[in-house]
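Contents: one structure, followed by commentary.
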Amino acid sequence: MGWAVALHGGAGVPFSLPPEARQPREEALRHCLQIGVKALKSNMSPLDVVELVVRELENIPHFNAGRGSVLTNKGTVEMEASIMDGNTMKCGAVSGLSTVVNAISLARLVMDNTPHIYLAFDGAEDFARQQGVETVDTSHFITPENIERLNQAKEADRVQIDYTQPIQNDTTKSETETPFANGDSQLGTVGCVAVDSNGNLASATSTGGLVNKMVGRIGDTPLIGAGTYANELCAVSATGIGEALIRGTVARDVAAMMEFKGLSLKEAADCVVHERIPKGTVGLVAVSAAGEVAMPYNTPGMFRACATEDGYSEVAIWSDAIIE
């Protein structure tokens with residue numbers, strides 16, 4: 001079926017998200033999708049494509065990654081990311097970053113330049129300086145919007161999704177419309193998966209975590225098999241309540257369904273998201289070696305986009321796709 005690329009800007013998007021919050025993210029998805037398509041058309045490797053696209057998503061403050069990363073309960077930033085190559089099964093991951101501009105590129109350097117898979121906190125920051133990657137003062141990531149989000153979460157004494165609207169005493173909302181009080185929907189986490197015309201696959205995911213999280217908390221994003229996975233069959237980048245994704249090894253499960261049950265990509269992804277994981281907790285984007293795309297979610301919505309070599313293109317949030 002040829003090359004394909006898919007990306008996400010986080011699951012858990014409430015139906016009540018106002019236009020002023022929705023529109024810039026739609027435009028950002030469209031912009032990043034075009035970058036991915038152009039890169040694949042120029043024969044860039046899928047591994048380079050997913051890093052390139054996620055770097056761009058990290059640089060856009062509308063998502064919870066890189067510049068837009070949310071704050072811990074101490075008002076600090078702890079970013080995390082991972083990347084994986086399907087052919088070689090090589091992968092790299094980082095956590096606890098507070099000065100690195102592009103966490104995904106540091107994860108790539110861990111994969112390429114160390115004997116390890118995962119570096120975190122001081123060790124990851126030291127490695128970043130050794131590798132000469134771009135770093136900034138941590139204040140670069142402390143935006144007024146994220147300070148406001150943290151204050152809202154602290155007032156409510158809870159951990160919450162990063163784009164939660166001010167808390168209302170409204171008991172009429174459905175369960176899927178209300179913020180997760182004890183988890184992480186990671187609305188705004190970013191990810192990209194890609195496959196080239198030869199069936200080579202790669203996946204990358206990056207996030208700032210969740211608002212008011214405990215310092216030192218690690219989510220699914222840097223955990224290979226939970227938030228990110230790629231092998232010779234498919235590439236997956238997941239988003240949602242981090243703890244649910246970790247418990248369900250969501251990204252690996254999609255590949256396992258294909259490998260051991262012989263399911264198609266769509267069948268495997270739908271089974272994992274809609275049958276194995278609690279409703280209202282996860283979403284993912286995935287591509288197969290044959291160029292198929294799947295983007296299921298069991299939350300109200302998920303910022304997502306995809307394009308394939310046969311000319312199909314989609315940018316969407318809720319069930320009504322925006323066809324390019």
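Ligands are numbered from 1 in the order shown, chains are lettered A, B, ... in the order of the structure tokens, and residues start at 1 in each chain.
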Contacts of region 228-291 of chain A with region 23-46 of chain A up to 12 Å, shortest pair per row, only C-alpha atoms, as JSON lines:
```
{"residue": "A:Ala230", "atom": "CA", "partner": "A:Pro46", "partner_atom": "CA", "distance": 11.0}
{"residue": "A:Cys234", "atom": "CA", "partner": "A:Pro46", "partner_atom": "CA", "distance": 11.9}
{"residue": "A:Ala235", "atom": "CA", "partner": "A:Pro46", "partner_atom": "CA", "distance": 10.1}
{"residue": "A:Val287", "atom": "CA", "partner": "A:Pro46", "partner_atom": "CA", "distance": 11.2}
{"residue": "A:Ala289", "atom": "CA", "partner": "A:Pro46", "partner_atom": "CA", "distance": 11.3}
```
Q) Hey, what's within 8 Å of region 120-133 of chain A if we count only C-alpha atoms and toss same-chain stuff fewer than 4 positions away? As a list of chain:residue names, please? A) A:Val94, A:Ser95, A:Gly96, A:Leu97, A:Ser98, A:Thr99, A:Val100, A:Leu106, A:Leu109
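Minimum atom-to-atom distance to Ile241 (chain A), evaluated using only C-alpha atoms, belongs to A:Val159 out of A:Tyr312, A:Ser319, A:Asp48, A:Val159.
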Q) Running DSSP on the backbone, which parts of region 48-177 of chain A land in alpha helix (DSSP H), as number ranges by chain? A) A: 48-59, 103-113, 121-131, 144-156
C-alpha atoms of the current selection, written as a CSV table (one decimal), in the first residue's frame:
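As a result, selection_13.csv now contains:
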```csv
chain,number,residue,atom,x,y,z
A,48,ASP,CA,14.1,10.3,10.9
A,49,VAL,CA,10.5,11.2,9.9
A,50,VAL,CA,9.0,10.5,13.3
A,51,GLU,CA,11.8,12.4,15.1
A,52,LEU,CA,11.4,15.3,12.8
A,53,VAL,CA,7.6,15.5,13.2
A,54,VAL,CA,7.7,15.1,17.0
A,55,ARG,CA,10.4,17.8,17.3
A,56,GLU,CA,8.0,20.1,15.5
A,57,LEU,CA,5.2,19.2,17.8
A,58,GLU,CA,7.4,19.8,20.8
A,59,ASN,CA,8.2,23.3,19.5
A,103,ALA,CA,13.3,15.5,24.4
A,104,ILE,CA,12.7,13.3,21.4
A,105,SER,CA,16.1,14.0,19.9
A,106,LEU,CA,17.8,13.2,23.2
A,107,ALA,CA,16.0,9.9,23.2
A,108,ARG,CA,17.3,9.3,19.7
A,109,LEU,CA,20.8,10.0,20.9
A,110,VAL,CA,20.4,7.6,23.8
A,111,MET,CA,19.5,5.0,21.2
A,112,ASP,CA,22.3,5.8,18.9
A,113,ASN,CA,25.2,6.8,21.1
A,121,PHE,CA,16.8,13.1,35.4
A,122,ASP,CA,20.4,14.2,36.2
A,123,GLY,CA,21.9,11.5,34.1
A,124,ALA,CA,19.8,12.4,31.1
A,125,GLU,CA,20.6,16.1,31.6
A,126,ASP,CA,24.3,15.4,31.9
A,127,PHE,CA,24.2,13.3,28.7
A,128,ALA,CA,22.4,16.1,26.9
A,129,ARG,CA,25.2,18.5,27.8
A,130,GLN,CA,27.8,15.9,26.6
A,131,GLN,CA,26.0,15.6,23.3
A,144,PRO,CA,1.5,31.7,32.1
A,145,GLU,CA,-1.1,29.2,30.8
A,146,ASN,CA,0.6,26.3,32.5
A,147,ILE,CA,1.0,28.3,35.8
A,148,GLU,CA,-2.8,28.9,35.6
A,149,ARG,CA,-3.5,25.2,35.0
A,150,LEU,CA,-1.3,24.2,37.9
A,151,ASN,CA,-3.1,26.7,40.2
A,152,GLN,CA,-6.5,25.3,39.1
A,153,ALA,CA,-5.3,21.8,39.9
A,154,LYS,CA,-3.9,22.8,43.3
A,155,GLU,CA,-7.1,24.6,44.2
A,156,ALA,CA,-9.1,21.4,43.4
```
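Distances here use only C-alpha atoms; by that measure, the residue among A:Val70, A:Ala65, A:Ala294, A:Met302 closest to Cys271 (chain A) is A:Ala294.
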Q: Using DSSP on the backbone, list every residue of region 7-249 of chain A that comes out as strand (DSSP E), and give them as a ChimeraX atom specification.
A: /A:7-11,79-85,91-97,118-120,190-195,201-207,228-230,234-240
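Our summary of the geometry notes that CA of Ala4 (chain A) is positioned 8.3 Å from CA of Ser197 (chain A).
Candidate residues A:Phe260, A:Gly280, A:Cys91, A:Ile142 were compared for distance to Pro61 (chain A), and the nearest is A:Ile142, using only C-alpha atoms.
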